[in-house]
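Colleague: Dropping in target19.cif, with mmCIF, C-alpha atoms and all ligand atoms.
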data_my_file
#
loop_
_atom_site.label_atom_id
_atom_site.label_comp_id
_atom_site.auth_asym_id
_atom_site.auth_seq_id
_atom_site.Cartn_x
_atom_site.Cartn_y
_atom_site.Cartn_z
CA MET P 1 -81.90 3.67 279.91
CA ILE P 2 -85.55 2.69 279.49
CA ILE P 3 -88.00 5.41 280.60
CA HIS P 4 -91.79 5.41 280.84
CA ASP P 5 -92.80 9.08 281.02
CA TYR P 6 -93.06 10.95 277.73
CA HIS P 7 -92.35 14.26 279.50
CA ASN P 8 -88.83 13.01 280.23
CA ALA P 9 -88.45 11.99 276.57
CA ALA P 10 -89.61 15.49 275.54
CA ALA P 11 -87.06 17.13 277.86
CA LEU P 12 -84.20 15.13 276.31
CA LEU P 13 -85.37 15.86 272.76
CA ASN P 14 -85.63 19.57 273.58
CA GLN P 15 -81.97 19.44 274.65
CA GLY P 16 -80.97 18.00 271.27
CA GLN P 17 -80.50 14.42 272.51
CA LEU P 18 -81.56 11.19 270.82
CA VAL P 19 -84.51 9.21 272.20
CA ALA P 20 -85.80 5.89 270.86
CA ILE P 21 -89.58 6.04 270.51
CA PRO P 22 -92.23 3.34 270.14
CA THR P 23 -94.44 3.28 267.06
CA GLU P 24 -96.81 0.68 265.63
CA THR P 25 -94.24 -0.23 262.93
CA VAL P 26 -90.83 -0.49 264.64
CA TYR P 27 -89.01 1.56 267.31
CA GLY P 28 -87.57 4.80 265.88
CA LEU P 29 -84.37 6.63 266.80
CA ALA P 30 -85.70 10.17 267.16
CA ALA P 31 -84.17 13.64 267.14
CA ASN P 32 -85.51 17.18 266.72
CA GLY P 33 -86.28 17.23 262.98
CA PHE P 34 -85.32 20.90 262.68
CA ASP P 35 -81.98 20.60 264.52
CA GLY P 36 -79.18 19.64 262.13
CA ASN P 37 -76.74 18.83 264.94
CA ALA P 38 -79.18 16.48 266.66
CA ILE P 39 -79.95 14.79 263.34
CA ALA P 40 -76.25 14.35 262.57
CA GLN P 41 -76.03 12.19 265.71
CA ILE P 42 -78.67 9.83 264.29
CA TYR P 43 -76.43 9.13 261.28
CA GLU P 44 -73.42 8.72 263.55
CA VAL P 45 -75.02 6.36 266.08
CA LYS P 46 -76.67 4.19 263.42
CA ASN P 47 -73.65 4.33 261.12
CA ARG P 48 -76.16 5.25 258.44
CA PRO P 49 -74.97 6.43 255.01
CA GLN P 50 -75.53 10.20 254.67
CA PHE P 51 -77.34 9.74 251.34
CA ASN P 52 -80.22 7.83 253.01
CA PRO P 53 -82.89 10.42 253.95
CA LEU P 54 -85.05 10.33 257.11
CA ILE P 55 -88.79 10.37 257.74
CA LEU P 56 -90.30 13.27 259.73
CA HIS P 57 -92.97 12.31 262.28
CA SER P 58 -95.64 14.51 263.84
CA ASN P 59 -99.13 14.11 265.25
CA SER P 60 -101.31 15.76 262.59
CA LEU P 61 -101.42 16.94 258.99
CA GLU P 62 -102.31 20.44 260.25
CA ARG P 63 -98.96 20.68 261.98
CA PHE P 64 -97.10 19.62 258.84
CA LYS P 65 -99.10 22.24 256.94
CA ALA P 66 -97.98 24.91 259.42
CA TRP P 67 -94.41 23.89 258.55
CA GLY P 68 -95.16 24.37 254.84
CA ILE P 69 -95.56 20.66 254.01
CA GLU P 70 -98.80 19.81 252.24
CA LEU P 71 -100.26 16.65 250.73
CA PRO P 72 -101.77 16.57 247.24
CA ALA P 73 -105.38 15.34 246.84
CA ALA P 74 -104.50 11.66 246.21
CA ALA P 75 -102.32 11.57 249.32
CA LEU P 76 -105.08 13.19 251.38
CA LYS P 77 -107.39 10.35 250.36
CA LEU P 78 -104.88 7.81 251.64
CA ALA P 79 -104.28 9.80 254.81
CA ALA P 80 -108.01 9.92 255.53
CA ALA P 81 -108.14 6.12 255.31
CA PHE P 82 -104.85 5.09 256.92
CA SER P 83 -103.26 7.91 258.92
CA PRO P 84 -102.23 7.72 261.74
CA GLY P 85 -100.81 4.45 260.47
CA PRO P 86 -98.03 2.57 258.69
CA ILE P 87 -97.87 4.83 255.63
CA THR P 88 -95.27 7.47 254.75
CA PHE P 89 -95.89 10.22 252.19
CA VAL P 90 -93.08 11.70 250.07
CA VAL P 91 -94.02 15.24 249.01
CA PRO P 92 -92.22 18.52 248.13
CA LYS P 93 -90.19 19.85 251.07
CA SER P 94 -90.39 23.33 252.61
CA ASN P 95 -87.67 25.65 253.93
CA TRP P 96 -88.39 24.48 257.49
CA VAL P 97 -86.79 21.14 256.65
CA PRO P 98 -82.98 21.00 256.91
CA ASP P 99 -81.11 19.37 254.01
CA ILE P 100 -79.68 16.72 256.32
CA VAL P 101 -83.21 15.28 256.73
CA THR P 102 -83.77 14.84 252.99
CA ALA P 103 -80.15 14.11 252.02
CA GLY P 104 -80.31 17.21 249.85
CA GLN P 105 -83.42 16.15 247.91
CA SER P 106 -86.27 18.57 247.20
CA SER P 107 -88.83 16.11 248.62
CA VAL P 108 -89.48 15.11 252.22
CA ALA P 109 -90.99 11.95 253.75
CA ILE P 110 -93.64 12.45 256.48
CA ARG P 111 -95.65 10.09 258.67
CA ILE P 112 -98.12 10.15 261.56
CA PRO P 113 -97.41 7.06 263.67
CA ASN P 114 -100.32 5.25 265.29
CA HIS P 115 -99.11 4.90 268.88
CA ALA P 116 -100.95 6.70 271.71
CA LEU P 117 -97.90 7.53 273.85
CA THR P 118 -95.82 8.73 270.91
CA LEU P 119 -98.72 10.85 269.63
CA GLN P 120 -98.83 12.52 273.08
CA LEU P 121 -95.08 13.09 272.89
CA LEU P 122 -95.30 14.52 269.36
CA SER P 123 -98.11 16.90 270.27
CA SER P 124 -96.07 18.22 273.22
CA LEU P 125 -93.13 19.19 270.96
CA ASP P 126 -92.65 22.35 268.87
CA PHE P 127 -90.96 20.36 266.10
CA PRO P 128 -91.38 17.09 264.18
CA LEU P 129 -89.14 14.13 264.99
CA ALA P 130 -86.74 12.75 262.40
CA ALA P 131 -86.66 9.03 263.14
CA PRO P 132 -85.27 6.06 261.23
CA SER P 133 -85.45 2.60 262.79
CA ALA P 134 -83.55 2.44 266.10
CA ASN P 135 -80.92 -0.09 265.06
CA LEU P 136 -77.44 -0.09 263.56
CA SER P 137 -77.71 0.37 259.82
CA GLY P 138 -78.15 -2.97 258.03
CA THR P 139 -79.22 -5.00 261.07
CA VAL P 140 -82.67 -6.26 262.09
CA SER P 141 -85.15 -3.54 263.14
CA PRO P 142 -86.27 -3.40 266.81
CA THR P 143 -89.85 -4.17 267.81
CA THR P 144 -89.40 -3.90 271.60
CA ALA P 145 -87.74 -1.34 273.90
CA GLN P 146 -85.42 -4.13 275.07
CA HIS P 147 -84.16 -4.72 271.50
CA VAL P 148 -83.12 -1.05 271.31
CA GLU P 149 -81.62 -1.00 274.80
CA GLU P 150 -79.44 -4.03 273.98
CA GLN P 151 -77.98 -2.53 270.80
CA LEU P 152 -77.94 1.26 271.38
CA GLY P 153 -78.77 1.85 275.06
CA GLU P 154 -75.30 3.16 275.93
CA GLN P 155 -75.17 5.65 273.09
CA ILE P 156 -78.50 7.46 273.33
CA GLY P 157 -80.40 9.61 275.85
CA ALA P 158 -83.18 7.09 276.55
CA VAL P 159 -85.59 4.52 275.17
CA LEU P 160 -89.25 5.36 275.73
CA GLU P 161 -91.07 2.13 276.66
CA GLY P 162 -94.20 1.65 274.58
CA GLY P 163 -94.70 -2.11 274.45
CA GLU P 164 -94.36 -4.47 271.51
CA CYS P 165 -94.89 -2.91 268.08
CA LYS P 166 -98.34 -3.89 266.79
CA ILE P 167 -97.51 -3.98 263.06
CA GLY P 168 -93.84 -5.00 263.28
CA LEU P 169 -92.81 -3.96 259.74
CA GLU P 170 -91.67 -0.50 258.63
CA SER P 171 -94.15 1.84 256.95
CA SER P 172 -95.07 1.57 253.29
CA ILE P 173 -93.62 4.62 251.49
CA VAL P 174 -95.57 6.29 248.68
CA SER P 175 -94.14 9.17 246.68
CA PHE P 176 -96.46 11.87 245.32
CA VAL P 177 -93.74 13.76 243.49
CA ASN P 178 -94.82 12.44 240.05
CA GLU P 179 -98.28 12.31 238.50
CA GLN P 180 -98.76 8.61 239.31
CA PRO P 181 -98.24 7.69 243.00
CA GLN P 182 -95.12 5.55 243.30
CA LEU P 183 -94.46 2.88 245.92
CA LEU P 184 -90.89 3.28 247.21
CA ARG P 185 -90.96 0.63 249.93
CA LEU P 186 -93.18 -2.35 250.71
CA GLY P 187 -94.31 -2.13 254.32
CA GLY P 188 -97.03 -2.43 256.91
CA LEU P 189 -99.82 -1.40 254.52
CA SER P 190 -100.38 -3.71 251.54
CA ILE P 191 -100.32 -2.66 247.87
CA GLU P 192 -103.86 -3.99 247.57
CA ALA P 193 -105.14 -1.77 250.43
CA ILE P 194 -103.41 1.33 249.05
CA GLU P 195 -104.59 0.86 245.45
CA ASN P 196 -108.09 0.16 246.64
CA VAL P 197 -108.38 3.55 248.34
CA LEU P 198 -106.45 5.45 245.66
CA GLY P 199 -108.67 4.01 242.93
CA GLN P 200 -105.61 3.73 240.70
CA LYS P 201 -102.54 1.54 240.27
CA LEU P 202 -99.32 2.37 242.04
CA ASP P 203 -96.14 2.76 240.01
CA LEU P 204 -94.06 -0.19 241.28
CA SER P 205 -91.03 0.41 239.04
CA LYS P 206 -88.88 1.83 241.85
CA LEU P 207 -89.27 -1.20 244.11
CA ILE P 208 -85.90 -2.83 244.39
CA ASN P 209 -86.53 -6.44 245.33
CA ASN P 210 -86.37 -9.97 244.10
CA GLU P 211 -89.59 -9.52 242.18
CA ASN P 212 -88.06 -6.93 239.91
CA PRO P 213 -85.93 -8.78 237.34
CA GLU P 214 -84.70 -5.50 235.88
CA ALA P 215 -82.71 -4.86 239.02
CA PRO P 216 -81.40 -8.29 240.04
CA GLY P 217 -78.11 -7.03 241.42
CA MET P 218 -79.63 -4.15 243.32
CA LEU P 219 -81.19 -6.09 246.15
CA SER P 220 -79.63 -4.25 249.04
CA LYS P 221 -78.44 -6.11 252.11
CA HIS P 222 -80.47 -4.99 255.09
CA TYR P 223 -82.33 -6.47 258.05
CA ALA P 224 -79.42 -8.90 258.27
CA PRO P 225 -79.03 -11.18 261.29
CA SER P 226 -75.49 -11.98 262.46
CA ILE P 227 -75.88 -15.58 261.23
CA PRO P 228 -76.32 -16.35 257.49
CA LEU P 229 -79.94 -16.69 256.42
CA ARG P 230 -81.32 -18.51 253.40
CA ILE P 231 -84.78 -18.96 252.01
CA GLY P 232 -86.04 -22.50 251.45
CA ILE P 233 -84.49 -25.91 252.21
CA PRO P 234 -82.49 -27.44 249.33
CA ALA P 235 -82.34 -31.22 248.86
CA ASP P 236 -78.76 -31.72 250.10
CA PHE P 237 -79.23 -29.48 253.11
CA TYR P 238 -79.21 -32.11 255.83
CA SER P 239 -75.94 -33.58 254.58
CA THR P 240 -74.30 -30.13 254.87
CA TYR P 241 -75.63 -29.14 258.30
CA ALA P 242 -76.42 -31.11 261.46
CA LYS P 243 -79.95 -30.58 262.77
CA SER P 244 -78.59 -28.72 265.76
CA GLU P 245 -76.86 -26.23 263.41
CA ILE P 246 -80.10 -25.00 261.82
CA ALA P 247 -82.70 -22.50 263.06
CA PHE P 248 -86.02 -22.26 261.21
CA ILE P 249 -88.47 -19.42 260.67
CA GLY P 250 -91.78 -20.61 259.27
CA PHE P 251 -95.33 -19.38 258.71
CA GLN P 252 -97.71 -22.01 260.14
CA ASN P 253 -95.90 -25.34 260.53
CA ALA P 254 -92.76 -26.55 262.27
CA GLN P 255 -90.31 -28.85 260.44
CA ALA P 256 -90.49 -32.40 261.81
CA ASP P 257 -86.76 -32.91 261.10
CA LEU P 258 -85.48 -29.94 263.11
CA LEU P 259 -85.07 -29.23 266.82
CA PRO P 260 -88.22 -27.66 268.30
CA GLN P 261 -86.24 -25.12 270.37
CA ASN P 262 -84.60 -23.69 267.22
CA GLN P 263 -87.87 -23.14 265.39
CA PHE P 264 -89.93 -19.94 265.24
CA ILE P 265 -93.39 -20.40 263.80
CA LEU P 266 -94.86 -16.96 263.23
CA SER P 267 -98.58 -17.77 263.04
CA PRO P 268 -99.85 -21.34 263.50
CA GLU P 269 -103.32 -20.02 262.63
CA GLY P 270 -102.13 -18.56 259.34
CA SER P 271 -102.58 -14.83 260.01
CA ILE P 272 -100.17 -12.89 257.79
CA GLU P 273 -100.55 -9.81 260.05
CA GLU P 274 -99.47 -11.85 263.07
CA ALA P 275 -96.54 -13.28 261.09
CA ALA P 276 -95.42 -9.76 260.09
CA GLN P 277 -95.70 -8.57 263.68
CA LYS P 278 -93.45 -11.37 264.94
CA LEU P 279 -90.89 -11.50 262.11
CA PHE P 280 -88.12 -9.23 263.44
CA ALA P 281 -88.30 -10.59 267.01
CA ALA P 282 -88.03 -14.12 265.55
CA LEU P 283 -84.95 -13.13 263.53
CA LYS P 284 -83.38 -11.76 266.70
CA MET P 285 -84.18 -14.95 268.67
CA ALA P 286 -82.87 -17.14 265.85
CA GLU P 287 -79.66 -15.09 265.94
CA LYS P 288 -79.21 -16.10 269.57
CA CYS P 289 -79.56 -19.85 268.91
CA GLN P 290 -76.17 -21.55 268.70
CA VAL P 291 -76.61 -22.41 265.01
CA LYS P 292 -74.68 -22.00 261.75
CA ILE P 293 -77.60 -21.07 259.52
CA ILE P 294 -81.13 -19.68 259.71
CA VAL P 295 -83.57 -21.08 257.17
CA ALA P 296 -86.74 -19.15 256.43
CA GLU P 297 -89.79 -20.23 254.52
CA SER P 298 -91.03 -18.16 251.61
CA PHE P 299 -94.37 -16.53 252.52
CA PRO P 300 -97.50 -16.26 250.32
CA ASN P 301 -96.60 -13.37 248.02
CA GLN P 302 -99.61 -11.12 248.54
CA HIS P 303 -100.77 -8.55 251.10
CA LEU P 304 -98.22 -8.29 253.93
CA GLY P 305 -96.59 -11.52 252.72
CA ARG P 306 -94.89 -9.46 250.00
CA ALA P 307 -93.30 -7.15 252.57
CA ILE P 308 -92.22 -10.16 254.68
CA ASN P 309 -90.59 -11.76 251.61
CA ASP P 310 -88.92 -8.43 250.83
CA ARG P 311 -87.34 -8.26 254.30
CA LEU P 312 -86.29 -11.93 254.20
CA SER P 313 -84.69 -11.52 250.74
CA ARG P 314 -82.65 -8.59 252.00
CA ALA P 315 -81.67 -10.50 255.13
CA ALA P 316 -80.53 -13.38 252.89
CA LYS P 317 -78.41 -11.21 250.60
CA ASN P 318 -74.69 -11.83 251.07
P1 LIG P 401 -86.00 4.22 257.70
O1 LIG P 401 -86.38 5.44 258.43
O2 LIG P 401 -84.68 3.62 258.10
O3 LIG P 401 -87.11 3.25 257.71
O4 LIG P 401 -85.79 4.65 256.21
C1 LIG P 401 -86.53 5.70 255.66
C2 LIG P 401 -86.75 5.44 254.22
O5 LIG P 401 -87.47 6.51 253.66
C3 LIG P 401 -85.44 5.34 253.46
O6 LIG P 401 -85.37 4.10 252.79
C4 LIG P 401 -85.49 6.47 252.47
O7 LIG P 401 -84.98 6.09 251.22
C5 LIG P 401 -86.97 6.84 252.40
N1 LIG P 401 -87.09 8.28 252.22
C6 LIG P 401 -87.01 9.22 253.17
N2 LIG P 401 -87.10 10.46 252.64
C7 LIG P 401 -87.26 10.30 251.32
C8 LIG P 401 -87.41 11.19 250.22
N3 LIG P 401 -87.40 12.53 250.38
N4 LIG P 401 -87.54 10.66 248.99
C9 LIG P 401 -87.55 9.32 248.83
N5 LIG P 401 -87.39 8.42 249.82
C10 LIG P 401 -87.27 8.90 251.05
MG MG P 402 -84.22 1.08 258.95
#
Re-express the file's structure as structure tokens.

Modeller:
Amino acid sequence: MIIHDYHNAAALLNQGQLVAIPTETVYGLAANGFDGNAIAQIYEVKNRPQFNPLILHSNSLERFKAWGIELPAAALKLAAAFSPGPITFVVPKSNWVPDIVTAGQSSVAIRIPNHALTLQLLSSLDFPLAAPSANLSGTVSPTTAQHVEEQLGEQIGAVLEGGECKIGLESSIVSFVNEQPQLLRLGGLSIEAIENVLGQKLDLSKLINNENPEAPGMLSKHYAPSIPLRIGIPADFYSTYAKSEIAFIGFQNAQADLLPQNQFILSPEGSIEEAAQKLFAALKMAEKCQVKIIVAESFPNQHLGRAINDRLSRAAKN
């Protein structure tokens, strides 16, 4: 059920139910972050592995502080520049945080989402919201309320309507557990922007993606559409597939050889932010074309283009 009033969302969350919430990154599947039973339902509904910890969301750093969760100086600098926004901080946990949130780890991930309605909801609650993306584990993340309703509507209390997600990629995750800040996930805030404000380099050694040759086999399948996806068009492609069997996701230009109705061009004007914002919806539309394969272009590998390439590589993993 799609609802529009955050008070109704708050009532459901107070009862221990799951509510999908809008954020600027993607829609989240939220539960009371201090209620182990409510959180267990998140894992169940998403079919999410228990070892994959969740991010806690609230509306201010002061509230996290009241729950015993504090940011070190470097993280505060980033928060001043980018929070509320698409950045998640991993810091030492407090006793307020149940083990099911952190998958037993001694650190916790926190974020302040930049979405007016969800900030109102968060400030009306006495607890933070644990919220991973509101999709079945491994599938494409939702960027509209309708996406969530289609996949999970029957199984959850409600979806709070908050419009199309403005960023469209998950948050960038930075860990402050070690001396040097470490990037754990490429996301809606670029490496360049983060390093610029930090005034130091991020440790990128934990990034598991196709750019890290030390971990070639570790590229985890994720963000996967129901139709196979590959990156780039090999020479013999058109002898393997008929034109009508191919959907295309590109940055600025359509492919002259392919059917116009099966092509999703993310930003004809070449804005990488616009391309990021449209990526997941395009994957979902391509899934619905009657095709055998989705072909995606490789994006310029800088700024948000890196995060787009990361998501496409995971979608392409078989
Ligand atoms: P999702 O909410 O589905 O976007 O995923 C949340 C991501 O945050 C997961 O990939 C986790 O690995 C990461 N994460 C959450 N909590 C922690 C933590 N305490 N330490 C490291 N990574 C975390
Ligand atoms: Mg997810």

Colleague: Determine, counting only C-alpha atoms, which protein, DNA and RNA residues have an atom within 7 Å of an atom of Glu170 (chain P); residues of the same chain fewer than 2 positions away are not included. Present the result as a PyMOL selection string.

Modeller: chain P and resi 25-26+168+172+187-188

Colleague: So that I can check the surroundings of Gly33 (chain P), please list as a PyMOL selection string every protein, DNA and RNA residue that reaches within 8 Å of it, counting all atoms listed in the file and ignoring chain neighbours fewer than 3 positions away.

Modeller: chain P and resi 36+39+56+97-98+101+127-130

Colleague: Just C-alpha atoms for this one: save the residues we selected as a PDB file, keeping the file's coordinate frame.

Modeller:
ATOM      1  CA  GLY P  36     -79.180  19.640 262.130  1.00  0.00           C
ATOM      2  CA  ILE P  39     -79.950  14.790 263.340  1.00  0.00           C
ATOM      3  CA  LEU P  56     -90.300  13.270 259.730  1.00  0.00           C
ATOM      4  CA  VAL P  97     -86.790  21.140 256.650  1.00  0.00           C
ATOM      5  CA  PRO P  98     -82.980  21.000 256.910  1.00  0.00           C
ATOM      6  CA  VAL P 101     -83.210  15.280 256.730  1.00  0.00           C
ATOM      7  CA  PHE P 127     -90.960  20.360 266.100  1.00  0.00           C
ATOM      8  CA  PRO P 128     -91.380  17.090 264.180  1.00  0.00           C
ATOM      9  CA  LEU P 129     -89.140  14.130 264.990  1.00  0.00           C
ATOM     10  CA  ALA P 130     -86.740  12.750 262.400  1.00  0.00           C
TER      11      ALA P 130
END

Colleague: Taking all atoms listed in the file into account, which residues are within 8 Å of ligand MG 402 (chain P), as a PyMOL selection string?

Modeller: chain P and resi 132-135+137-138+141+170+223

Colleague: Go through P:Pro92, P:Pro181, P:Pro22, P:Gly85 one by one, measure the shortest atom-to-atom distance of each to ligand LIG 401 (chain P) using only C-alpha atoms and all ligand atoms, and give the residue with the smallest value.

Modeller: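 Of all the options, P:Pro92 lies closest to ligand LIG 401 (chain P).
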
Colleague: Check every protein, DNA and RNA residue against ligand LIG 401 (chain P), keep those with an atom at most 7 Å away (counting all atoms listed in the file), and present them as a VMD selection string.

Modeller: chain P and resid 52 to 55 90 102 105 to 109 131 to 133 170 173 175 184

Colleague: Asp203 (chain P): which residues within 7 Å, counting only C-alpha atoms, same-chain residues fewer than 5 positions away excluded, as a VMD selection string?

Modeller: chain P and resid 180 to 183

Colleague: Would you mind telling me which residue in P:Arg63, P:Lys292, P:Arg311, P:Lys206 lies nearest to Ala276 (chain P) when using all atoms listed in the file?

Modeller: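 Going through P:Arg63, P:Lys292, P:Arg311, P:Lys206 one by one, the smallest distance to Ala276 (chain P) is for P:Arg311.
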
Colleague: Rank P:Leu121, P:Gly232, P:Glu297, P:Glu274 by their smallest atom-to-atom distance to Asn253 (chain P), using only C-alpha atoms, and report the top residue only.

Modeller: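 For Asn253 (chain P), the nearest of the given residues is P:Glu297.
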
Colleague: Skipping near chain neighbours, those fewer than 5 positions away, what residues fall within 12 Å of Gln200 (chain P) using only C-alpha atoms, listed as a VMD selection string?

Modeller: chain P and resid 74 77 to 78 179 to 182 191 to 195

Colleague: Could you state the separation of CA of Trp67 (chain P) and CA of Asn37 (chain P) in Å, given to one decimal place?

Modeller: 19.5 Å

Colleague: So that I can see what lies close to Asn47 (chain P), please list as a PDB file with C-alpha atoms, keeping the file's coordinate frame the residues with an atom at most 9 Å from it, counting all atoms listed in the file and leaving out residues fewer than 4 positions away in the same chain.

Modeller:
ATOM      1  CA  ILE P  42     -78.670   9.830 264.290  1.00  0.00           C
ATOM      2  CA  TYR P  43     -76.430   9.130 261.280  1.00  0.00           C
ATOM      3  CA  LEU P 136     -77.440  -0.090 263.560  1.00  0.00           C
ATOM      4  CA  SER P 137     -77.710   0.370 259.820  1.00  0.00           C
TER       5      SER P 137
END

Colleague: Enumerate, in order of chain and increasing residue number, the residues of region 108-142 of chain P with an atom no farther than 6 Å from region 57-61 of chain P, each with its shortest atom pair and distance in Å to one decimal, counting only C-alpha atoms, as CSV.

Modeller:
residue,atom,partner,partner_atom,distance
P:Ile110,CA,P:His57,CA,5.8
P:Arg111,CA,P:His57,CA,5.0
P:Ile112,CA,P:Asn59,CA,5.5
P:Leu119,CA,P:Asn59,CA,5.5
P:Leu122,CA,P:Ser58,CA,5.5
P:Ser123,CA,P:Asn59,CA,5.8
P:Pro128,CA,P:Ser58,CA,5.0
P:Leu129,CA,P:His57,CA,5.0

Colleague: For Ser171 (chain P), which residue out of P:Glu24, P:Asp35, P:Asp257, P:Asp236 is the nearest one, using all atoms listed in the file?

Modeller: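 Smallest distance to Ser171 (chain P) is found for P:Glu24.
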
Colleague: Looking at P:Pro84, P:Gly104, P:Gly153, P:Pro228, which one is nearest to Leu18 (chain P), with distances taken over all atoms listed in the file?

Modeller: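 Smallest distance to Leu18 (chain P) is found for P:Gly153.
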
Colleague: Interatomic distance between CA of Ala315 (chain P) and CA of Ala40 (chain P)?

Modeller: 26.5 Å
